[in-house]
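Coordinates from work20.cif are shown below (mmCIF, N, CA and C atoms).
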```cif
data_query
#
loop_
_atom_site.label_atom_id
_atom_site.label_comp_id
_atom_site.auth_asym_id
_atom_site.auth_seq_id
_atom_site.Cartn_x
_atom_site.Cartn_y
_atom_site.Cartn_z
N MET N 271 3.36 17.23 21.06
CA MET N 271 3.33 16.82 19.67
C MET N 271 3.05 18.07 18.82
N LYS N 272 3.85 18.27 17.81
CA LYS N 272 3.72 19.43 16.93
C LYS N 272 2.92 19.05 15.68
N LYS N 273 1.78 19.71 15.48
CA LYS N 273 0.96 19.46 14.29
C LYS N 273 1.68 20.04 13.08
N ILE N 274 1.83 19.23 12.02
CA ILE N 274 2.50 19.71 10.81
C ILE N 274 1.53 19.89 9.64
N PHE N 275 0.32 19.34 9.76
CA PHE N 275 -0.67 19.53 8.70
C PHE N 275 -2.02 19.07 9.19
N SER N 276 -3.06 19.71 8.71
CA SER N 276 -4.42 19.23 8.92
C SER N 276 -5.26 19.62 7.72
N THR N 277 -6.32 18.87 7.51
CA THR N 277 -7.23 19.17 6.40
C THR N 277 -8.63 18.80 6.84
N LYS N 278 -9.60 19.32 6.13
CA LYS N 278 -10.99 19.07 6.48
C LYS N 278 -11.77 18.75 5.20
N MET N 279 -12.68 17.78 5.31
CA MET N 279 -13.60 17.46 4.23
C MET N 279 -15.00 17.46 4.81
N ILE N 280 -15.98 17.79 3.97
CA ILE N 280 -17.37 17.88 4.41
C ILE N 280 -18.20 16.95 3.52
N ASN N 281 -19.04 16.12 4.14
CA ASN N 281 -19.90 15.21 3.40
C ASN N 281 -21.35 15.52 3.68
N THR N 282 -22.16 15.47 2.65
CA THR N 282 -23.61 15.49 2.80
C THR N 282 -24.14 14.26 2.06
N GLY N 283 -25.10 13.59 2.64
CA GLY N 283 -25.72 12.46 1.97
C GLY N 283 -25.06 11.12 2.19
N GLY N 284 -24.00 11.05 3.00
CA GLY N 284 -23.34 9.78 3.27
C GLY N 284 -22.80 9.12 2.02
N ARG N 285 -23.09 7.83 1.85
CA ARG N 285 -22.58 7.06 0.71
C ARG N 285 -23.35 7.31 -0.57
N ASN N 286 -24.35 8.15 -0.53
CA ASN N 286 -25.09 8.54 -1.72
C ASN N 286 -25.24 10.05 -1.73
N GLY N 287 -24.09 10.73 -1.67
CA GLY N 287 -24.10 12.18 -1.58
C GLY N 287 -22.91 12.79 -2.27
N GLU N 288 -22.26 13.69 -1.54
CA GLU N 288 -21.07 14.35 -2.09
C GLU N 288 -20.12 14.69 -0.95
N VAL N 289 -18.87 14.92 -1.33
CA VAL N 289 -17.85 15.32 -0.37
C VAL N 289 -17.07 16.48 -0.99
N HIS N 290 -16.74 17.47 -0.15
CA HIS N 290 -15.99 18.62 -0.68
C HIS N 290 -15.13 19.25 0.42
N SER N 291 -14.13 19.97 -0.03
CA SER N 291 -13.31 20.74 0.90
C SER N 291 -14.01 22.07 1.16
N PRO N 292 -13.72 22.71 2.29
CA PRO N 292 -14.38 23.98 2.59
C PRO N 292 -14.17 25.05 1.51
N ASP N 293 -13.01 25.04 0.85
CA ASP N 293 -12.76 26.05 -0.20
C ASP N 293 -13.22 25.58 -1.58
N LYS N 294 -13.85 24.41 -1.64
CA LYS N 294 -14.41 23.83 -2.86
C LYS N 294 -13.35 23.45 -3.91
N SER N 295 -12.06 23.39 -3.52
CA SER N 295 -11.02 22.99 -4.46
C SER N 295 -11.07 21.48 -4.74
N PHE N 296 -11.79 20.73 -3.90
CA PHE N 296 -11.96 19.29 -4.04
C PHE N 296 -13.44 19.00 -3.87
N ASN N 297 -14.05 18.37 -4.87
CA ASN N 297 -15.47 18.10 -4.81
C ASN N 297 -15.76 16.83 -5.60
N LEU N 298 -16.32 15.82 -4.93
CA LEU N 298 -16.63 14.55 -5.58
C LEU N 298 -18.02 14.07 -5.20
N ASP N 299 -18.68 13.45 -6.16
CA ASP N 299 -19.92 12.75 -5.86
C ASP N 299 -19.55 11.41 -5.24
N ILE N 300 -20.33 10.98 -4.27
CA ILE N 300 -20.09 9.72 -3.57
C ILE N 300 -21.25 8.77 -3.86
N VAL N 301 -20.91 7.52 -4.16
CA VAL N 301 -21.91 6.47 -4.35
C VAL N 301 -21.54 5.28 -3.49
N ALA N 302 -22.52 4.46 -3.22
CA ALA N 302 -22.27 3.26 -2.43
C ALA N 302 -21.35 2.31 -3.20
N PRO N 303 -20.51 1.55 -2.49
CA PRO N 303 -19.65 0.58 -3.16
C PRO N 303 -20.45 -0.36 -4.06
N GLY N 304 -19.91 -0.63 -5.23
CA GLY N 304 -20.58 -1.51 -6.18
C GLY N 304 -21.41 -0.78 -7.21
N ARG N 305 -21.80 0.46 -6.92
CA ARG N 305 -22.53 1.25 -7.90
C ARG N 305 -21.55 1.94 -8.82
N LYS N 306 -21.90 2.02 -10.08
CA LYS N 306 -21.06 2.69 -11.08
C LYS N 306 -21.78 3.95 -11.57
N VAL N 307 -21.24 5.09 -11.21
CA VAL N 307 -21.76 6.37 -11.67
C VAL N 307 -20.56 7.18 -12.15
N GLU N 308 -20.60 7.60 -13.40
CA GLU N 308 -19.46 8.32 -13.98
C GLU N 308 -19.10 9.54 -13.14
N GLY N 309 -17.81 9.64 -12.83
CA GLY N 309 -17.30 10.77 -12.06
C GLY N 309 -17.48 10.65 -10.56
N ALA N 310 -18.07 9.54 -10.10
CA ALA N 310 -18.31 9.37 -8.67
C ALA N 310 -17.35 8.33 -8.10
N THR N 311 -17.16 8.38 -6.81
CA THR N 311 -16.28 7.44 -6.12
C THR N 311 -16.98 6.96 -4.86
N ASN N 312 -16.30 6.17 -4.06
CA ASN N 312 -16.87 5.74 -2.78
C ASN N 312 -15.80 5.89 -1.69
N PRO N 313 -16.19 5.86 -0.44
CA PRO N 313 -15.23 6.06 0.64
C PRO N 313 -14.07 5.07 0.63
N GLU N 314 -14.32 3.83 0.20
CA GLU N 314 -13.26 2.83 0.18
C GLU N 314 -12.21 3.17 -0.87
N GLN N 315 -12.63 3.68 -2.02
CA GLN N 315 -11.66 4.11 -3.04
C GLN N 315 -10.83 5.28 -2.53
N LEU N 316 -11.47 6.20 -1.84
CA LEU N 316 -10.73 7.34 -1.30
C LEU N 316 -9.72 6.89 -0.25
N PHE N 317 -10.13 5.95 0.60
CA PHE N 317 -9.22 5.42 1.62
C PHE N 317 -8.04 4.70 0.96
N ALA N 318 -8.33 3.88 -0.06
CA ALA N 318 -7.27 3.17 -0.78
C ALA N 318 -6.31 4.15 -1.46
N ALA N 319 -6.85 5.22 -2.02
CA ALA N 319 -6.00 6.22 -2.68
C ALA N 319 -5.08 6.89 -1.68
N GLY N 320 -5.63 7.31 -0.55
CA GLY N 320 -4.82 7.95 0.47
C GLY N 320 -3.79 7.02 1.07
N TYR N 321 -4.20 5.78 1.35
CA TYR N 321 -3.30 4.80 1.96
C TYR N 321 -2.16 4.48 1.00
N SER N 322 -2.46 4.26 -0.28
CA SER N 322 -1.40 3.91 -1.23
C SER N 322 -0.39 5.05 -1.40
N ALA N 323 -0.87 6.28 -1.46
CA ALA N 323 0.03 7.43 -1.60
C ALA N 323 0.89 7.62 -0.35
N CYS N 324 0.27 7.50 0.82
CA CYS N 324 1.00 7.65 2.07
C CYS N 324 2.04 6.54 2.22
N PHE N 325 1.62 5.30 1.93
CA PHE N 325 2.53 4.16 2.08
C PHE N 325 3.72 4.29 1.14
N ASN N 326 3.47 4.68 -0.11
CA ASN N 326 4.57 4.82 -1.07
C ASN N 326 5.51 5.96 -0.67
N SER N 327 4.97 7.03 -0.10
CA SER N 327 5.83 8.12 0.38
C SER N 327 6.69 7.66 1.55
N ALA N 328 6.09 6.89 2.46
CA ALA N 328 6.88 6.35 3.58
C ALA N 328 7.95 5.40 3.06
N LEU N 329 7.61 4.60 2.05
CA LEU N 329 8.58 3.69 1.44
C LEU N 329 9.73 4.47 0.80
N ASP N 330 9.44 5.62 0.21
CA ASP N 330 10.50 6.45 -0.36
C ASP N 330 11.53 6.84 0.70
N TYR N 331 11.07 7.18 1.90
CA TYR N 331 12.00 7.52 2.99
C TYR N 331 12.84 6.32 3.38
N ILE N 332 12.21 5.15 3.46
CA ILE N 332 12.93 3.92 3.80
C ILE N 332 13.98 3.62 2.73
N LYS N 333 13.58 3.70 1.45
CA LYS N 333 14.51 3.43 0.35
C LYS N 333 15.69 4.40 0.39
N LYS N 334 15.39 5.67 0.62
CA LYS N 334 16.45 6.69 0.67
C LYS N 334 17.44 6.38 1.79
N SER N 335 16.94 5.94 2.95
CA SER N 335 17.83 5.64 4.08
C SER N 335 18.73 4.45 3.79
N LYS N 336 18.35 3.62 2.81
CA LYS N 336 19.12 2.43 2.45
C LYS N 336 19.77 2.56 1.07
N ASN N 337 19.79 3.80 0.56
CA ASN N 337 20.39 4.10 -0.75
C ASN N 337 19.82 3.25 -1.88
N ILE N 338 18.53 3.04 -1.88
CA ILE N 338 17.84 2.31 -2.94
C ILE N 338 17.12 3.34 -3.81
N GLU N 339 17.38 3.29 -5.10
CA GLU N 339 16.83 4.30 -5.99
C GLU N 339 15.70 3.79 -6.88
N GLY N 340 15.40 2.51 -6.88
CA GLY N 340 14.38 1.96 -7.76
C GLY N 340 13.00 2.56 -7.52
N GLU N 341 12.28 2.80 -8.62
CA GLU N 341 10.92 3.33 -8.55
C GLU N 341 10.01 2.29 -7.90
N SER N 342 9.13 2.74 -7.02
CA SER N 342 8.23 1.80 -6.35
C SER N 342 6.78 2.04 -6.77
N THR N 343 6.04 0.95 -6.81
CA THR N 343 4.61 0.99 -7.10
C THR N 343 3.90 0.27 -5.97
N ILE N 344 2.89 0.92 -5.42
CA ILE N 344 2.11 0.35 -4.33
C ILE N 344 0.65 0.26 -4.76
N GLU N 345 0.08 -0.91 -4.58
CA GLU N 345 -1.36 -1.11 -4.82
C GLU N 345 -2.01 -1.42 -3.48
N VAL N 346 -3.09 -0.70 -3.18
CA VAL N 346 -3.85 -0.94 -1.96
C VAL N 346 -5.27 -1.31 -2.34
N THR N 347 -5.70 -2.47 -1.88
CA THR N 347 -7.07 -2.92 -2.09
C THR N 347 -7.79 -2.85 -0.75
N VAL N 348 -8.87 -2.10 -0.71
CA VAL N 348 -9.69 -1.99 0.49
C VAL N 348 -10.96 -2.81 0.26
N SER N 349 -11.25 -3.70 1.18
CA SER N 349 -12.43 -4.56 1.08
C SER N 349 -13.35 -4.33 2.26
N LEU N 350 -14.63 -4.50 2.01
CA LEU N 350 -15.63 -4.47 3.07
C LEU N 350 -16.06 -5.90 3.36
N TYR N 351 -16.14 -6.25 4.63
CA TYR N 351 -16.57 -7.58 5.05
C TYR N 351 -17.80 -7.43 5.94
N ASN N 352 -18.86 -8.13 5.58
CA ASN N 352 -20.10 -8.08 6.34
C ASN N 352 -20.10 -9.18 7.39
N LEU N 353 -20.15 -8.78 8.64
CA LEU N 353 -20.18 -9.74 9.75
C LEU N 353 -21.60 -9.91 10.28
N SER N 354 -22.56 -9.19 9.70
CA SER N 354 -23.93 -9.16 10.22
C SER N 354 -24.61 -10.52 10.20
N GLN N 355 -25.36 -10.74 11.23
CA GLN N 355 -26.25 -11.89 11.31
C GLN N 355 -27.70 -11.43 11.30
N ASN N 356 -27.91 -10.10 11.17
CA ASN N 356 -29.25 -9.55 11.17
C ASN N 356 -29.31 -8.32 10.26
N GLU N 357 -30.35 -7.52 10.38
CA GLU N 357 -30.55 -6.37 9.49
C GLU N 357 -29.60 -5.21 9.75
N ILE N 358 -29.12 -5.09 10.97
CA ILE N 358 -28.23 -3.97 11.31
C ILE N 358 -26.84 -4.29 10.77
N PRO N 359 -26.28 -3.41 9.93
CA PRO N 359 -24.96 -3.68 9.36
C PRO N 359 -23.86 -3.78 10.41
N ASP N 360 -23.02 -4.75 10.25
CA ASP N 360 -21.82 -4.92 11.08
C ASP N 360 -20.70 -5.18 10.08
N VAL N 361 -20.12 -4.11 9.58
CA VAL N 361 -19.17 -4.18 8.46
C VAL N 361 -17.80 -3.73 8.93
N VAL N 362 -16.77 -4.46 8.51
CA VAL N 362 -15.39 -4.09 8.83
C VAL N 362 -14.59 -3.96 7.54
N LEU N 363 -13.49 -3.23 7.63
CA LEU N 363 -12.58 -3.07 6.50
C LEU N 363 -11.45 -4.08 6.59
N GLY N 364 -10.90 -4.40 5.45
CA GLY N 364 -9.67 -5.16 5.35
C GLY N 364 -8.82 -4.52 4.26
N VAL N 365 -7.51 -4.57 4.40
CA VAL N 365 -6.60 -3.93 3.45
C VAL N 365 -5.54 -4.93 3.01
N ASP N 366 -5.33 -4.99 1.70
CA ASP N 366 -4.23 -5.76 1.12
C ASP N 366 -3.30 -4.78 0.41
N ILE N 367 -2.03 -4.82 0.78
CA ILE N 367 -1.02 -3.95 0.17
C ILE N 367 -0.05 -4.82 -0.60
N THR N 368 0.14 -4.50 -1.87
CA THR N 368 1.17 -5.16 -2.66
C THR N 368 2.12 -4.09 -3.17
N GLY N 369 3.39 -4.46 -3.26
CA GLY N 369 4.38 -3.49 -3.68
C GLY N 369 5.46 -4.09 -4.54
N HIS N 370 6.02 -3.24 -5.38
CA HIS N 370 7.12 -3.61 -6.27
C HIS N 370 8.13 -2.47 -6.26
N ILE N 371 9.41 -2.84 -6.19
CA ILE N 371 10.49 -1.84 -6.29
C ILE N 371 11.38 -2.27 -7.44
N GLU N 372 11.51 -1.39 -8.40
CA GLU N 372 12.32 -1.67 -9.59
C GLU N 372 13.76 -2.01 -9.19
N GLY N 373 14.25 -3.15 -9.70
CA GLY N 373 15.63 -3.54 -9.46
C GLY N 373 15.90 -4.17 -8.11
N VAL N 374 14.85 -4.44 -7.33
CA VAL N 374 15.00 -5.04 -6.00
C VAL N 374 14.25 -6.37 -5.98
N GLY N 375 14.88 -7.41 -5.47
CA GLY N 375 14.26 -8.73 -5.40
C GLY N 375 13.05 -8.75 -4.49
N SER N 376 12.21 -9.75 -4.69
CA SER N 376 10.95 -9.80 -3.93
C SER N 376 11.17 -9.99 -2.44
N GLU N 377 12.19 -10.75 -2.04
CA GLU N 377 12.45 -10.95 -0.62
C GLU N 377 12.86 -9.65 0.07
N GLU N 378 13.78 -8.90 -0.56
CA GLU N 378 14.20 -7.61 0.00
C GLU N 378 13.04 -6.60 -0.04
N THR N 379 12.27 -6.63 -1.13
CA THR N 379 11.12 -5.73 -1.23
C THR N 379 10.15 -6.00 -0.10
N GLU N 380 9.88 -7.26 0.18
CA GLU N 380 8.94 -7.60 1.25
C GLU N 380 9.45 -7.08 2.60
N GLU N 381 10.74 -7.19 2.86
CA GLU N 381 11.31 -6.66 4.10
C GLU N 381 11.15 -5.14 4.17
N LEU N 382 11.38 -4.46 3.05
CA LEU N 382 11.21 -3.00 3.01
C LEU N 382 9.75 -2.62 3.21
N LEU N 383 8.83 -3.39 2.65
CA LEU N 383 7.40 -3.12 2.83
C LEU N 383 7.00 -3.30 4.29
N LYS N 384 7.52 -4.32 4.93
CA LYS N 384 7.21 -4.56 6.35
C LYS N 384 7.75 -3.43 7.22
N LEU N 385 8.94 -2.96 6.90
CA LEU N 385 9.51 -1.82 7.63
C LEU N 385 8.67 -0.57 7.40
N THR N 386 8.24 -0.38 6.17
CA THR N 386 7.39 0.77 5.84
C THR N 386 6.08 0.71 6.62
N HIS N 387 5.53 -0.48 6.75
CA HIS N 387 4.27 -0.66 7.46
C HIS N 387 4.39 -0.21 8.93
N LYS N 388 5.57 -0.27 9.48
CA LYS N 388 5.79 0.18 10.85
C LYS N 388 5.89 1.70 10.96
N THR N 389 6.14 2.38 9.83
CA THR N 389 6.36 3.83 9.88
C THR N 389 5.28 4.65 9.18
N CYS N 390 4.54 4.06 8.26
CA CYS N 390 3.50 4.78 7.52
C CYS N 390 2.40 5.26 8.47
N PRO N 391 2.04 6.54 8.43
CA PRO N 391 0.97 7.04 9.31
C PRO N 391 -0.36 6.30 9.16
N TYR N 392 -0.74 5.92 7.94
CA TYR N 392 -1.98 5.17 7.75
C TYR N 392 -1.86 3.79 8.40
N SER N 393 -0.73 3.14 8.22
CA SER N 393 -0.53 1.82 8.84
C SER N 393 -0.58 1.92 10.35
N ARG N 394 0.03 2.96 10.88
CA ARG N 394 0.03 3.13 12.33
C ARG N 394 -1.37 3.42 12.84
N ALA N 395 -2.16 4.16 12.05
CA ALA N 395 -3.53 4.49 12.46
C ALA N 395 -4.44 3.26 12.45
N THR N 396 -4.18 2.33 11.54
CA THR N 396 -5.04 1.15 11.42
C THR N 396 -4.55 -0.03 12.26
N GLN N 397 -3.33 0.07 12.79
CA GLN N 397 -2.74 -1.05 13.54
C GLN N 397 -3.64 -1.51 14.67
N GLY N 398 -3.96 -2.79 14.65
CA GLY N 398 -4.81 -3.36 15.68
C GLY N 398 -6.30 -3.13 15.45
N ASN N 399 -6.65 -2.35 14.43
CA ASN N 399 -8.05 -2.04 14.15
C ASN N 399 -8.62 -2.85 12.99
N ILE N 400 -7.81 -3.07 11.97
CA ILE N 400 -8.26 -3.82 10.79
C ILE N 400 -7.13 -4.74 10.35
N GLU N 401 -7.49 -5.79 9.62
CA GLU N 401 -6.49 -6.71 9.11
C GLU N 401 -5.83 -6.09 7.88
N VAL N 402 -4.49 -6.05 7.88
CA VAL N 402 -3.72 -5.55 6.77
C VAL N 402 -2.72 -6.62 6.37
N THR N 403 -2.72 -7.00 5.09
CA THR N 403 -1.74 -7.95 4.60
C THR N 403 -0.78 -7.20 3.68
N ILE N 404 0.47 -7.66 3.66
CA ILE N 404 1.52 -7.03 2.85
C ILE N 404 2.21 -8.10 2.04
N LYS N 405 2.42 -7.81 0.75
CA LYS N 405 3.05 -8.78 -0.14
C LYS N 405 3.85 -8.07 -1.22
N ALA N 406 5.06 -8.56 -1.48
CA ALA N 406 5.87 -8.05 -2.58
C ALA N 406 5.44 -8.78 -3.86
N ILE N 407 5.40 -8.03 -4.95
CA ILE N 407 5.07 -8.65 -6.26
C ILE N 407 6.17 -8.35 -7.25
#
```
Using the file provided, produce a representation of the structure as structure tokens.
Amino acid sequence: MKKIFSTKMINTGGRNGEVHSPDKSFNLDIVAPGRKVEGATNPEQLFAAGYSACFNSALDYIKKSKNIEGESTIEVTVSLYNLSQNEIPDVVLGVDITGHIEGVGSEETEELLKLTHKTCPYSRATQGNIEVTIKAI
């Protein structure tokens, strides 16, 4: 397997800290989900941002292979689900993906989204690990 890209991020303080790249070109304050602090984010928002961008890029390849030119919009919602029955957290992620392709009907869009889900690196990484739903809007 030929590596085509890698990146590194460094976190201190976990969900109440900061994250940065080694060259400091990327630096964000991190807060726990549900807290609102100006300029800060949480790991779930970062995951949703990466997943939506990756998924839409994979969809662009699928659209190109089928000569579809409509602009696509992908929304990814990442949710935390608490399975705990005691004090020790037992939390899992869930992902909902919705997509729209300009000029393409919802049935065809849904088929394209399902095909994209088979090829997107984030989708492939999460396959069998977390529940992911896909819906055309």
Practice problem: Name the residues that the PyMOL selection byres (((chain N and resi 300 and name CA) around 8) and name CA) picks from the file above, as a ChimeraX atom specification, using the file's chain letters and numbers. | Solution: /N:284-289,298-299,301-302,310-313
Self-check item: Residues flagged helix (DSSP H, G or I) by DSSP in chain N, as a ChimeraX atom specification
Solution: /N:284-286,313-335,376-389,391-396
Practice problem: Considering only C-alpha atoms, return as a ChimeraX atom specification whatever protein or nucleic-acid residues lie within 10 Å of Thr389 of chain N, sequence-local ones (same chain, fewer than 6 positions apart) excluded. | Solution: /N:325,328-329,331-332,383
Practice problem: Identify which of the residues N:Gly304, N:Lys334, N:Val362, N:Lys278 lies closest to Pro292 of chain N, counting all atoms listed in the file when measuring atom-to-atom distances. | Solution: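 The closest residue to Pro292 of chain N is N:Lys278.
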Exercise. Skip Ile338 of chain N itself and residues of its chain fewer than 5 positions away, then list as a count of residues only all residues within 10 Å of it, counting only C-alpha atoms.
Key: 8
